[in-house]
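Chemist: Structure provided below as structure tokens; questions to follow.
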Amino acid sequence: MSPKPPSGSATRRRKEEAIDAFRDDPGIERGGRHFDRIRLVHRSLPEVDLEEVDTSCEFLGRRLSFPLLISSMTGGSSNRLRRINRNLAEAAQACRVAMGVGSQRVMLEHPEAADSFDLRPLAPDIPLMGNIGAVQLNLGVGVAECRRLVDHLQADALIVHCNALQEAVQPEGQTRFGGAIQRIGELVRGLPVPVVVKEVGAGMSPADASRLLEAGVRIVDVAGAGGTSWSRVEDHRRRAAGIADGLGRAFEDWGIPTPLALELLRPLRGRLTLIASGGVRSGVDMAKAVVLGASLVGLARPFLEPAMESAGHVIEVIERLRREFRLAMWLTGARTIAELCGNDALRLPDPTEARP
Ligand SMILES: Cc1cc2nc3c(=O)[nH]c(=O)nc-3n(C[C@H](O)[C@H](O)[C@H](O)COP(=O)(O)O)c2cc1C
């Protein structure tokens with residue numbers, strides 16, 4: 001079954017309106033600083049030269065210079081959205097980091113938007129991931145449509161985003177989430193590439209992650225609270241649609257903070273590859289997320305404005321993150337990502353936690 005086009009060109013407009021909201025309201029960035037609670041053990045004598053620190057890692061069979069993901073953001077038929085995606089892809093290739101595209105639903109409904117996802121020629125060597133909303137799987141987007149999305153992008157994986165809160169606040173949102181896990185399981189079995197399941201800023205609970213594991217999913221992005229609040233973004237659109245009930249503001253800080261989500265998923269680490277995103281704002285935050293078990297760390301918002309400028313502006317942000325990440329690794333005495341990832345010994349006990 002083909003997906004039913006929404007009224008007007010809502011899908012096409014929505015992304016543009018959201019990006020305008022980011023420009024006008026600094027409060028969309030919640031600034032939770034949840035990573036400040038996590039402290040790593042400082043080594044006065046790292047016993048390794050800074051130049052010897054190897055930040056490289058592998059993801060989806062491709063080599064990365066360090067474990068960074070440019071998280072899913074855009075795609076669409078306007079020149080602005082096309083430019084954002086191209087700048088991100090060029091920068092990701094130049095720096096050898098992973099990239100996820102924004103929801104590809106728009107290309108199913110508006111074929112003219114498809115070329116904003118023609119990114120493989122610009123980024124031949126990096127992990128590129130497609131994207132679709134979980135609720136869309138209940139609304140006519142099936143395995144065949146998802147295969148088209150993957151093929152078009154020549155993607156290494158398809159990300160399915162779970163955005164129940166965002167859909168509930170969105171004036172035209174879809175809340176038919178019943179049975180979505182079953183649909184995700186069908187995708188896992190029907191697609192030639194792995195399915196990654198992510199949140200969009202409210203965090204993934206252990207119960208949901210366990211159910212996804214049962215459905216065959218092997219990679220989860222916790223995308224927790226503390227950074228971009230989609231509830232707040234949609235509150236602007238809700239008010240513009242004449243619904244001034246403050247629903248989105250009431251839930252703007254809802255969800256599981258990213259470091260806590262990683263800690264809660266600790267028992268599943270051996271069976272699930274974890275990606276951390278949501279409020280990661282520095283290479284130091286990235287190092288903390290890796291110590292908490294993340295194999296890859298994603299940032300979205302910090303790349304938005306630079307991507308509107310040029311690939312060079314995006315590269316500057318990536319280089320800053322890499323410098324900070326490398327120094328944080330060195331100061332914990334870690335030589336390789338294997339020595340850093342999930343290494344509890346590198347974490348300082350929280351002095352506020354009760355001791356036996
Ligand atoms: C402008 C923008 C657009 C986004 N669009 C999508 C999307 O289409 N699909 C998706 O899975 N996540 C989307 N996200 C969510 C991010 O991928 C990420 O999970 C979330 O924003 C948390 O990261 P951050 O705090 O670094 O922004 C978007 C985020 C931003 C900032």
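Letters for chains follow the order of the structure tokens (A, B, ...), residue numbers begin at 1 for each chain, and ligand numbers begin at 1 in the order shown.
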Check range 69-164 of chain A with DSSP on the backbone and list each residue it calls strand (DSSP E), as a list in words.
Modeler: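 Secondary structure check on range 69-164 of chain A, strand (DSSP E): Leu69, Ile70, Ala98, Met99, Gly100, Leu128, Met129, Gly130, Asn131, Ile132, Gly133, Ala157, Leu158, Ile159, Val160 and His161 of chain A.
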Chemist: So that I have them on file, write out the residues from the current selection with C-alpha atoms, as a JSON list (two decimals), in the first residue's frame.
Modeler:
```json
[["chain", "number", "residue", "atom", "x", "y", "z"],
["A", 69, "LEU", "CA", 27.42, 10.50, 14.32],
["A", 70, "ILE", "CA", 25.86, 13.55, 12.71],
["A", 98, "ALA", "CA", 28.88, 8.69, 10.37],
["A", 99, "MET", "CA", 25.74, 10.51, 9.22],
["A", 100, "GLY", "CA", 22.00, 9.92, 9.52],
["A", 128, "LEU", "CA", 25.06, 6.65, 5.91],
["A", 129, "MET", "CA", 21.73, 5.86, 7.56],
["A", 130, "GLY", "CA", 18.21, 6.39, 6.22],
["A", 131, "ASN", "CA", 15.30, 7.46, 8.42],
["A", 132, "ILE", "CA", 11.56, 6.89, 8.83],
["A", 133, "GLY", "CA", 9.11, 7.40, 11.70],
["A", 157, "ALA", "CA", 21.20, 1.00, 7.84],
["A", 158, "LEU", "CA", 17.68, 2.36, 8.26],
["A", 159, "ILE", "CA", 16.90, 4.36, 11.39],
["A", 160, "VAL", "CA", 13.33, 4.10, 12.70],
["A", 161, "HIS", "CA", 12.57, 7.05, 14.97]]
```
Chemist: Extract, using only C-alpha atoms, all DNA, RNA and protein residues at most 12 Å from Ala134 in chain A, discarding same-chain residues fewer than 6 positions from it, and format them as a PyMOL selection string.
Modeler: chain A and resi 103+105+140-142+146+158-164+167+174-185+187+195-200
Chemist: Would you output that residue set with N, CA and C atoms, as an mmCIF file, in the first residue's frame?
Modeler:
```cif
data_model
loop_
_atom_site.group_PDB
_atom_site.id
_atom_site.type_symbol
_atom_site.label_atom_id
_atom_site.label_comp_id
_atom_site.auth_asym_id
_atom_site.auth_seq_id
_atom_site.Cartn_x
_atom_site.Cartn_y
_atom_site.Cartn_z
ATOM 1 N N SER A 103 14.015 12.426 8.318
ATOM 2 C CA SER A 103 12.960 11.530 7.855
ATOM 3 C C SER A 103 12.810 11.568 6.332
ATOM 4 N N ARG A 105 10.328 10.266 4.810
ATOM 5 C CA ARG A 105 8.900 10.219 4.481
ATOM 6 C C ARG A 105 8.573 11.231 3.386
ATOM 7 N N GLY A 140 0.882 2.758 6.440
ATOM 8 C CA GLY A 140 1.021 2.437 5.018
ATOM 9 C C GLY A 140 2.442 2.374 4.494
ATOM 10 N N VAL A 141 3.432 2.763 5.298
ATOM 11 C CA VAL A 141 4.814 2.630 4.848
ATOM 12 C C VAL A 141 5.292 1.231 5.251
ATOM 13 N N GLY A 142 5.425 0.358 4.289
ATOM 14 C CA GLY A 142 5.783 -1.033 4.581
ATOM 15 C C GLY A 142 7.223 -1.338 4.200
ATOM 16 N N CYS A 146 10.243 1.073 2.568
ATOM 17 C CA CYS A 146 11.501 1.276 3.310
ATOM 18 C C CYS A 146 12.700 0.818 2.488
ATOM 19 N N LEU A 158 18.860 1.488 8.216
ATOM 20 C CA LEU A 158 17.680 2.363 8.258
ATOM 21 C C LEU A 158 17.366 2.665 9.718
ATOM 22 N N ILE A 159 17.291 3.949 10.034
ATOM 23 C CA ILE A 159 16.895 4.356 11.392
ATOM 24 C C ILE A 159 15.379 4.496 11.426
ATOM 25 N N VAL A 160 14.767 3.891 12.447
ATOM 26 C CA VAL A 160 13.332 4.104 12.699
ATOM 27 C C VAL A 160 13.236 4.978 13.938
ATOM 28 N N HIS A 161 12.650 6.177 13.793
ATOM 29 C CA HIS A 161 12.570 7.049 14.967
ATOM 30 C C HIS A 161 11.232 6.927 15.679
ATOM 31 N N CYS A 162 11.321 6.889 17.011
ATOM 32 C CA CYS A 162 10.146 6.778 17.868
ATOM 33 C C CYS A 162 9.928 8.147 18.507
ATOM 34 N N ASN A 163 8.858 8.816 18.111
ATOM 35 C CA ASN A 163 8.658 10.206 18.545
ATOM 36 C C ASN A 163 7.236 10.415 19.062
ATOM 37 N N ALA A 164 6.812 9.516 19.963
ATOM 38 C CA ALA A 164 5.425 9.546 20.445
ATOM 39 C C ALA A 164 5.064 10.919 21.030
ATOM 40 N N GLU A 167 4.719 13.569 18.218
ATOM 41 C CA GLU A 167 3.484 13.392 17.427
ATOM 42 C C GLU A 167 2.264 13.854 18.225
ATOM 43 N N GLN A 174 0.405 12.093 14.404
ATOM 44 C CA GLN A 174 -0.205 10.761 14.293
ATOM 45 C C GLN A 174 0.155 9.968 15.542
ATOM 46 N N THR A 175 -0.816 9.438 16.229
ATOM 47 C CA THR A 175 -0.510 8.754 17.492
ATOM 48 C C THR A 175 -0.897 7.271 17.462
ATOM 49 N N ARG A 176 -0.981 6.710 16.263
ATOM 50 C CA ARG A 176 -1.328 5.272 16.153
ATOM 51 C C ARG A 176 -0.085 4.416 16.341
ATOM 52 N N PHE A 177 0.384 4.338 17.580
ATOM 53 C CA PHE A 177 1.625 3.594 17.848
ATOM 54 C C PHE A 177 1.373 2.119 18.167
ATOM 55 N N GLY A 178 0.114 1.724 18.348
ATOM 56 C CA GLY A 178 -0.196 0.329 18.692
ATOM 57 C C GLY A 178 0.374 -0.638 17.659
ATOM 58 N N GLY A 179 1.130 -1.644 18.109
ATOM 59 C CA GLY A 179 1.657 -2.652 17.184
ATOM 60 C C GLY A 179 2.915 -2.231 16.447
ATOM 61 N N ALA A 180 3.487 -1.062 16.801
ATOM 62 C CA ALA A 180 4.659 -0.573 16.054
ATOM 63 C C ALA A 180 5.856 -1.518 16.201
ATOM 64 N N ILE A 181 5.990 -2.141 17.374
ATOM 65 C CA ILE A 181 7.160 -3.034 17.564
ATOM 66 C C ILE A 181 7.078 -4.218 16.586
ATOM 67 N N GLN A 182 5.859 -4.711 16.394
ATOM 68 C CA GLN A 182 5.688 -5.816 15.428
ATOM 69 C C GLN A 182 6.103 -5.382 14.017
ATOM 70 N N ARG A 183 5.693 -4.160 13.648
ATOM 71 C CA ARG A 183 6.068 -3.639 12.314
ATOM 72 C C ARG A 183 7.593 -3.515 12.194
ATOM 73 N N ILE A 184 8.217 -3.075 13.297
ATOM 74 C CA ILE A 184 9.680 -2.939 13.284
ATOM 75 C C ILE A 184 10.324 -4.312 13.077
ATOM 76 N N GLY A 185 9.761 -5.338 13.742
ATOM 77 C CA GLY A 185 10.255 -6.703 13.566
ATOM 78 C C GLY A 185 10.150 -7.144 12.113
ATOM 79 N N LEU A 187 10.263 -5.212 9.542
ATOM 80 C CA LEU A 187 11.325 -4.495 8.807
ATOM 81 C C LEU A 187 12.671 -5.180 8.985
ATOM 82 N N VAL A 195 18.384 -2.478 11.033
ATOM 83 C CA VAL A 195 17.440 -1.445 11.467
ATOM 84 C C VAL A 195 17.949 -0.894 12.802
ATOM 85 N N VAL A 196 18.097 0.421 12.861
ATOM 86 C CA VAL A 196 18.497 1.102 14.098
ATOM 87 C C VAL A 196 17.243 1.772 14.631
ATOM 88 N N VAL A 197 16.955 1.629 15.920
ATOM 89 C CA VAL A 197 15.769 2.306 16.461
ATOM 90 C C VAL A 197 16.228 3.399 17.412
ATOM 91 N N LYS A 198 15.684 4.593 17.229
ATOM 92 C CA LYS A 198 16.078 5.716 18.077
ATOM 93 C C LYS A 198 14.873 6.463 18.616
ATOM 94 N N GLU A 199 15.104 7.194 19.694
ATOM 95 C CA GLU A 199 14.160 8.191 20.182
ATOM 96 C C GLU A 199 14.516 9.514 19.487
ATOM 97 N N VAL A 200 13.881 10.601 19.899
ATOM 98 C CA VAL A 200 14.268 11.899 19.327
ATOM 99 C C VAL A 200 14.493 12.930 20.434
#
```
Chemist: Which chain A residues have any atom within 8 Å of an atom of ligand 1, and for each, what is the nearest pair of atoms with distance in Å to one decimal, counting only C-alpha atoms and all ligand atoms, rows sorted by chain and number, as a tab-separated table?
Modeler:
```
residue	atom	partner	partner_atom_place_in_ligand_line	distance
A:Lys15	CA	ligand 1	3 (C)	7.2
A:Ala18	CA	ligand 1	1 (C)	6.8
A:Ile19	CA	ligand 1	1 (C)	5.6
A:Phe22	CA	ligand 1	1 (C)	7.4
A:Glu29	CA	ligand 1	25 (O)	7.3
A:Ile70	CA	ligand 1	17 (O)	7.9
A:Ser71	CA	ligand 1	17 (O)	4.3
A:Ser72	CA	ligand 1	17 (O)	4.0
A:Met73	CA	ligand 1	4 (C)	3.5
A:Thr74	CA	ligand 1	8 (O)	5.6
A:Gly75	CA	ligand 1	8 (O)	7.8
A:Gly100	CA	ligand 1	17 (O)	7.7
A:Val101	CA	ligand 1	8 (O)	7.0
A:Gly102	CA	ligand 1	8 (O)	3.4
A:Ser103	CA	ligand 1	8 (O)	3.8
A:Gln104	CA	ligand 1	8 (O)	7.5
A:Asn131	CA	ligand 1	9 (N)	6.1
A:Ile132	CA	ligand 1	9 (N)	6.9
A:Gly133	CA	ligand 1	11 (O)	7.1
A:Ile159	CA	ligand 1	11 (O)	6.9
A:Val160	CA	ligand 1	11 (O)	6.8
A:His161	CA	ligand 1	11 (O)	4.5
A:Cys162	CA	ligand 1	11 (O)	7.5
A:Lys198	CA	ligand 1	11 (O)	6.5
A:Glu199	CA	ligand 1	19 (O)	6.1
A:Val200	CA	ligand 1	19 (O)	3.9
A:Gly201	CA	ligand 1	22 (C)	4.9
A:Asp221	CA	ligand 1	19 (O)	7.9
A:Ala223	CA	ligand 1	19 (O)	4.8
A:Gly224	CA	ligand 1	22 (C)	6.8
A:Ala225	CA	ligand 1	25 (O)	7.5
A:Gly226	CA	ligand 1	25 (O)	6.6
A:Gly227	CA	ligand 1	25 (O)	3.4
A:Thr228	CA	ligand 1	25 (O)	4.1
A:Ser229	CA	ligand 1	21 (O)	7.3
A:Trp230	CA	ligand 1	21 (O)	7.6
A:Ser277	CA	ligand 1	23 (O)	5.2
A:Gly278	CA	ligand 1	25 (O)	3.6
A:Gly279	CA	ligand 1	25 (O)	3.9
A:Val280	CA	ligand 1	26 (O)	5.7
A:Arg281	CA	ligand 1	26 (O)	7.0
A:Gly298	CA	ligand 1	26 (O)	6.5
A:Leu299	CA	ligand 1	26 (O)	3.7
A:Ala300	CA	ligand 1	26 (O)	3.9
A:Arg301	CA	ligand 1	27 (O)	3.9
A:Pro302	CA	ligand 1	26 (O)	6.4
A:Leu304	CA	ligand 1	1 (C)	6.3
```
Chemist: I need the chosen residues saved as a PDB file, in the first residue's frame, with C-alpha atoms.
Modeler:
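File written: result_0.pdb
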```pdb
ATOM      1  CA  LYS A  15      10.691  20.765   8.536  1.00  0.00           C
ATOM      2  CA  ALA A  18      10.699  23.558  12.819  1.00  0.00           C
ATOM      3  CA  ILE A  19      14.003  25.023  11.647  1.00  0.00           C
ATOM      4  CA  PHE A  22      15.077  26.732  16.354  1.00  0.00           C
ATOM      5  CA  GLU A  29      17.834  23.723  23.613  1.00  0.00           C
ATOM      6  CA  ILE A  70      25.864  13.553  12.712  1.00  0.00           C
ATOM      7  CA  SER A  71      22.340  12.740  13.881  1.00  0.00           C
ATOM      8  CA  SER A  72      19.304  12.713  11.627  1.00  0.00           C
ATOM      9  CA  MET A  73      17.998  16.167  10.743  1.00  0.00           C
ATOM     10  CA  THR A  74      16.721  17.076   7.327  1.00  0.00           C
ATOM     11  CA  GLY A  75      15.769  16.390   3.778  1.00  0.00           C
ATOM     12  CA  GLY A 100      22.004   9.924   9.517  1.00  0.00           C
ATOM     13  CA  VAL A 101      19.572  11.797   7.265  1.00  0.00           C
ATOM     14  CA  GLY A 102      16.266  13.285   8.422  1.00  0.00           C
ATOM     15  CA  SER A 103      12.960  11.530   7.855  1.00  0.00           C
ATOM     16  CA  GLN A 104      12.685  10.281   4.275  1.00  0.00           C
ATOM     17  CA  ASN A 131      15.302   7.460   8.416  1.00  0.00           C
ATOM     18  CA  ILE A 132      11.563   6.894   8.835  1.00  0.00           C
ATOM     19  CA  GLY A 133       9.108   7.402  11.704  1.00  0.00           C
ATOM     20  CA  ILE A 159      16.895   4.356  11.392  1.00  0.00           C
ATOM     21  CA  VAL A 160      13.332   4.104  12.699  1.00  0.00           C
ATOM     22  CA  HIS A 161      12.570   7.049  14.967  1.00  0.00           C
ATOM     23  CA  CYS A 162      10.146   6.778  17.868  1.00  0.00           C
ATOM     24  CA  LYS A 198      16.078   5.716  18.077  1.00  0.00           C
ATOM     25  CA  GLU A 199      14.160   8.191  20.182  1.00  0.00           C
ATOM     26  CA  VAL A 200      14.268  11.899  19.327  1.00  0.00           C
ATOM     27  CA  GLY A 201      15.046  13.404  22.735  1.00  0.00           C
ATOM     28  CA  ASP A 221      20.101   5.157  19.881  1.00  0.00           C
ATOM     29  CA  ALA A 223      18.437   9.926  22.064  1.00  0.00           C
ATOM     30  CA  GLY A 224      17.683  11.101  25.569  1.00  0.00           C
ATOM     31  CA  ALA A 225      16.525  14.290  27.228  1.00  0.00           C
ATOM     32  CA  GLY A 226      18.816  17.253  27.849  1.00  0.00           C
ATOM     33  CA  GLY A 227      19.307  18.746  24.386  1.00  0.00           C
ATOM     34  CA  THR A 228      16.745  19.471  21.696  1.00  0.00           C
ATOM     35  CA  SER A 229      13.140  19.410  22.943  1.00  0.00           C
ATOM     36  CA  TRP A 230      10.746  18.418  20.171  1.00  0.00           C
ATOM     37  CA  SER A 277      22.557  11.241  21.523  1.00  0.00           C
ATOM     38  CA  GLY A 278      20.525  14.005  23.102  1.00  0.00           C
ATOM     39  CA  GLY A 279      22.303  16.943  24.734  1.00  0.00           C
ATOM     40  CA  VAL A 280      25.838  15.829  23.855  1.00  0.00           C
ATOM     41  CA  ARG A 281      27.637  19.137  23.404  1.00  0.00           C
ATOM     42  CA  GLY A 298      25.393  11.582  17.977  1.00  0.00           C
ATOM     43  CA  LEU A 299      24.830  15.325  17.924  1.00  0.00           C
ATOM     44  CA  ALA A 300      22.140  17.075  15.882  1.00  0.00           C
ATOM     45  CA  ARG A 301      21.431  20.679  16.871  1.00  0.00           C
ATOM     46  CA  PRO A 302      25.073  21.831  17.103  1.00  0.00           C
ATOM     47  CA  LEU A 304      22.266  22.839  12.214  1.00  0.00           C
TER      48      LEU A 304
END
```
Chemist: Would you mind listing what lies within 12 Å of Ile219 in chain A as a PyMOL selection string, with only C-alpha atoms counted and same-chain residues fewer than 5 positions away left out?
Modeler: chain A and resi 59-60+157-160+188+193-198+204+209-210+212-213+268-276+294-296
Chemist: Hey, what's within 8 Å of range 336-348 of chain A if we count only C-alpha atoms and toss same-chain stuff fewer than 2 positions away? As a list in words, please?
Modeler: Ile38, Arg39, Leu40, Val41, Val53, Asp54, Thr55, Ser56, Cys57, Ala287, Val290, Val291, Leu292, Gly293, Ala294, Ser295, Met329, Thr332, Ala334 and Asp350 of chain A
Chemist: Selected residues, C-alpha atoms, written as a tab-separated table (two decimals), in the first residue's frame, please.
Modeler:
```
chain	number	residue	atom	x	y	z
A	38	ILE	CA	29.37	11.91	35.24
A	39	ARG	CA	33.06	12.41	36.09
A	40	LEU	CA	35.92	10.40	34.66
A	41	VAL	CA	39.03	9.36	36.58
A	53	VAL	CA	45.99	7.90	21.36
A	54	ASP	CA	43.99	6.18	18.62
A	55	THR	CA	40.44	7.57	18.45
A	56	SER	CA	39.43	5.51	15.40
A	57	CYS	CA	36.71	2.87	15.49
A	287	ALA	CA	34.02	10.44	26.00
A	290	VAL	CA	31.54	5.99	25.43
A	291	VAL	CA	32.64	5.12	28.98
A	292	LEU	CA	28.93	4.55	29.73
A	293	GLY	CA	28.82	1.99	26.93
A	294	ALA	CA	28.01	3.89	23.72
A	295	SER	CA	29.76	2.69	20.55
A	329	MET	CA	40.75	9.90	26.22
A	332	THR	CA	41.89	8.82	31.33
A	334	ALA	CA	42.92	5.17	27.35
A	350	ASP	CA	29.44	9.88	42.46
```
Chemist: From a DSSP pass on the backbone, collect the residues of range 37-242 of chain A flagged as helix (DSSP H, G or I) and hand them back as an MDAnalysis selection string.
Modeler: chainID A and resid 37 50:52 79:95 105:109 111:117 134:138 143:153 164:169 180:190 206:214 230:240
Chemist: For the selection you just gave me, I'd like the residues written to a file as a PDB file, in the first residue's frame, keeping C-alpha atoms.
Modeler:
```pdb
ATOM      1  CA  ARG A  37      27.031  14.480  36.787  1.00  0.00           C
ATOM      2  CA  LEU A  50      49.090  12.117  23.421  1.00  0.00           C
ATOM      3  CA  GLU A  51      50.010  11.359  19.763  1.00  0.00           C
ATOM      4  CA  GLU A  52      49.689   7.638  20.455  1.00  0.00           C
ATOM      5  CA  ASN A  79      17.141  24.668  -1.488  1.00  0.00           C
ATOM      6  CA  ARG A  80      17.843  25.308   2.193  1.00  0.00           C
ATOM      7  CA  LEU A  81      17.186  21.677   3.174  1.00  0.00           C
ATOM      8  CA  ARG A  82      19.150  20.351   0.183  1.00  0.00           C
ATOM      9  CA  ARG A  83      22.101  22.549   1.095  1.00  0.00           C
ATOM     10  CA  ILE A  84      22.054  21.431   4.748  1.00  0.00           C
ATOM     11  CA  ASN A  85      22.213  17.765   3.754  1.00  0.00           C
ATOM     12  CA  ARG A  86      24.961  18.283   1.195  1.00  0.00           C
ATOM     13  CA  ASN A  87      27.120  20.287   3.598  1.00  0.00           C
ATOM     14  CA  LEU A  88      26.693  17.651   6.303  1.00  0.00           C
ATOM     15  CA  ALA A  89      27.533  14.804   3.919  1.00  0.00           C
ATOM     16  CA  GLU A  90      30.643  16.545   2.532  1.00  0.00           C
ATOM     17  CA  ALA A  91      31.890  17.294   6.043  1.00  0.00           C
ATOM     18  CA  ALA A  92      31.148  13.769   7.290  1.00  0.00           C
ATOM     19  CA  GLN A  93      33.135  12.314   4.388  1.00  0.00           C
ATOM     20  CA  ALA A  94      36.059  14.747   4.849  1.00  0.00           C
ATOM     21  CA  CYS A  95      36.277  13.904   8.567  1.00  0.00           C
ATOM     22  CA  ARG A 105       8.900  10.219   4.481  1.00  0.00           C
ATOM     23  CA  VAL A 106       8.963  13.460   2.512  1.00  0.00           C
ATOM     24  CA  MET A 107      10.397  11.677  -0.550  1.00  0.00           C
ATOM     25  CA  LEU A 108       7.591   9.100  -0.506  1.00  0.00           C
ATOM     26  CA  GLU A 109       5.000  11.861  -0.548  1.00  0.00           C
ATOM     27  CA  PRO A 111       9.173  12.713  -5.228  1.00  0.00           C
ATOM     28  CA  GLU A 112      10.796  16.075  -6.003  1.00  0.00           C
ATOM     29  CA  ALA A 113      12.359  15.936  -2.509  1.00  0.00           C
ATOM     30  CA  ALA A 114      14.269  12.740  -3.343  1.00  0.00           C
ATOM     31  CA  ASP A 115      17.357  14.518  -4.633  1.00  0.00           C
ATOM     32  CA  SER A 116      18.028  15.986  -1.176  1.00  0.00           C
ATOM     33  CA  PHE A 117      18.954  12.401  -0.282  1.00  0.00           C
ATOM     34  CA  ALA A 134       7.851   4.337  13.614  1.00  0.00           C
ATOM     35  CA  VAL A 135       4.264   5.550  13.359  1.00  0.00           C
ATOM     36  CA  GLN A 136       4.556   5.661   9.563  1.00  0.00           C
ATOM     37  CA  LEU A 137       4.974   1.883   9.633  1.00  0.00           C
ATOM     38  CA  ASN A 138       1.372   1.753  10.900  1.00  0.00           C
ATOM     39  CA  VAL A 143       8.898  -3.062   3.901  1.00  0.00           C
ATOM     40  CA  ALA A 144       8.798  -2.272   0.156  1.00  0.00           C
ATOM     41  CA  GLU A 145       8.701   1.498   0.738  1.00  0.00           C
ATOM     42  CA  CYS A 146      11.501   1.276   3.310  1.00  0.00           C
ATOM     43  CA  ARG A 147      13.592  -0.719   0.851  1.00  0.00           C
ATOM     44  CA  ARG A 148      13.161   2.141  -1.645  1.00  0.00           C
ATOM     45  CA  LEU A 149      14.394   4.621   0.969  1.00  0.00           C
ATOM     46  CA  VAL A 150      17.447   2.470   1.711  1.00  0.00           C
ATOM     47  CA  ASP A 151      18.203   1.910  -1.979  1.00  0.00           C
ATOM     48  CA  HIS A 152      17.888   5.590  -2.850  1.00  0.00           C
ATOM     49  CA  LEU A 153      20.351   6.646  -0.172  1.00  0.00           C
ATOM     50  CA  ALA A 164       5.425   9.546  20.445  1.00  0.00           C
ATOM     51  CA  LEU A 165       5.684  12.783  22.452  1.00  0.00           C
ATOM     52  CA  GLN A 166       6.407  14.885  19.367  1.00  0.00           C
ATOM     53  CA  GLU A 167       3.484  13.392  17.427  1.00  0.00           C
ATOM     54  CA  ALA A 168       1.146  13.957  20.394  1.00  0.00           C
ATOM     55  CA  VAL A 169       1.998  17.666  20.577  1.00  0.00           C
ATOM     56  CA  ALA A 180       4.659  -0.573  16.054  1.00  0.00           C
ATOM     57  CA  ILE A 181       7.160  -3.034  17.564  1.00  0.00           C
ATOM     58  CA  GLN A 182       5.688  -5.816  15.428  1.00  0.00           C
ATOM     59  CA  ARG A 183       6.068  -3.639  12.314  1.00  0.00           C
ATOM     60  CA  ILE A 184       9.680  -2.939  13.284  1.00  0.00           C
ATOM     61  CA  GLY A 185      10.255  -6.703  13.566  1.00  0.00           C
ATOM     62  CA  GLU A 186       8.877  -7.133  10.031  1.00  0.00           C
ATOM     63  CA  LEU A 187      11.325  -4.495   8.807  1.00  0.00           C
ATOM     64  CA  VAL A 188      14.247  -6.232  10.538  1.00  0.00           C
ATOM     65  CA  ARG A 189      13.360  -9.440   8.701  1.00  0.00           C
ATOM     66  CA  GLY A 190      12.563  -7.768   5.363  1.00  0.00           C
ATOM     67  CA  PRO A 206      15.107  -0.728  29.297  1.00  0.00           C
ATOM     68  CA  ALA A 207      11.608  -2.201  28.777  1.00  0.00           C
ATOM     69  CA  ASP A 208      11.372  -0.804  25.248  1.00  0.00           C
ATOM     70  CA  ALA A 209      14.959  -1.761  24.442  1.00  0.00           C
ATOM     71  CA  SER A 210      14.274  -5.345  25.599  1.00  0.00           C
ATOM     72  CA  ARG A 211      11.183  -5.578  23.402  1.00  0.00           C
ATOM     73  CA  LEU A 212      13.161  -4.253  20.444  1.00  0.00           C
ATOM     74  CA  LEU A 213      15.825  -6.884  21.108  1.00  0.00           C
ATOM     75  CA  GLU A 214      13.138  -9.560  21.031  1.00  0.00           C
ATOM     76  CA  TRP A 230      10.746  18.418  20.171  1.00  0.00           C
ATOM     77  CA  SER A 231       7.852  18.955  22.547  1.00  0.00           C
ATOM     78  CA  ARG A 232       8.832  22.612  22.693  1.00  0.00           C
ATOM     79  CA  VAL A 233       9.361  22.862  18.912  1.00  0.00           C
ATOM     80  CA  GLU A 234       5.895  21.480  18.279  1.00  0.00           C
ATOM     81  CA  ASP A 235       4.383  23.778  20.904  1.00  0.00           C
ATOM     82  CA  HIS A 236       5.273  26.693  18.605  1.00  0.00           C
ATOM     83  CA  ARG A 237       3.565  25.027  15.661  1.00  0.00           C
ATOM     84  CA  ARG A 238       0.624  24.136  17.895  1.00  0.00           C
ATOM     85  CA  ARG A 239       0.190  27.753  18.938  1.00  0.00           C
ATOM     86  CA  ALA A 240       0.499  28.902  15.328  1.00  0.00           C
TER      87      ALA A 240
END
```
Chemist: Tell me which of A:Ser65, A:Ser310, A:Thr258, A:Ser205 sits closest to Lys288 in chain A, counting only C-alpha atoms.
Modeler: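 Looking only at the distances to Lys288 in chain A, the closest residue turns out to be A:Thr258.
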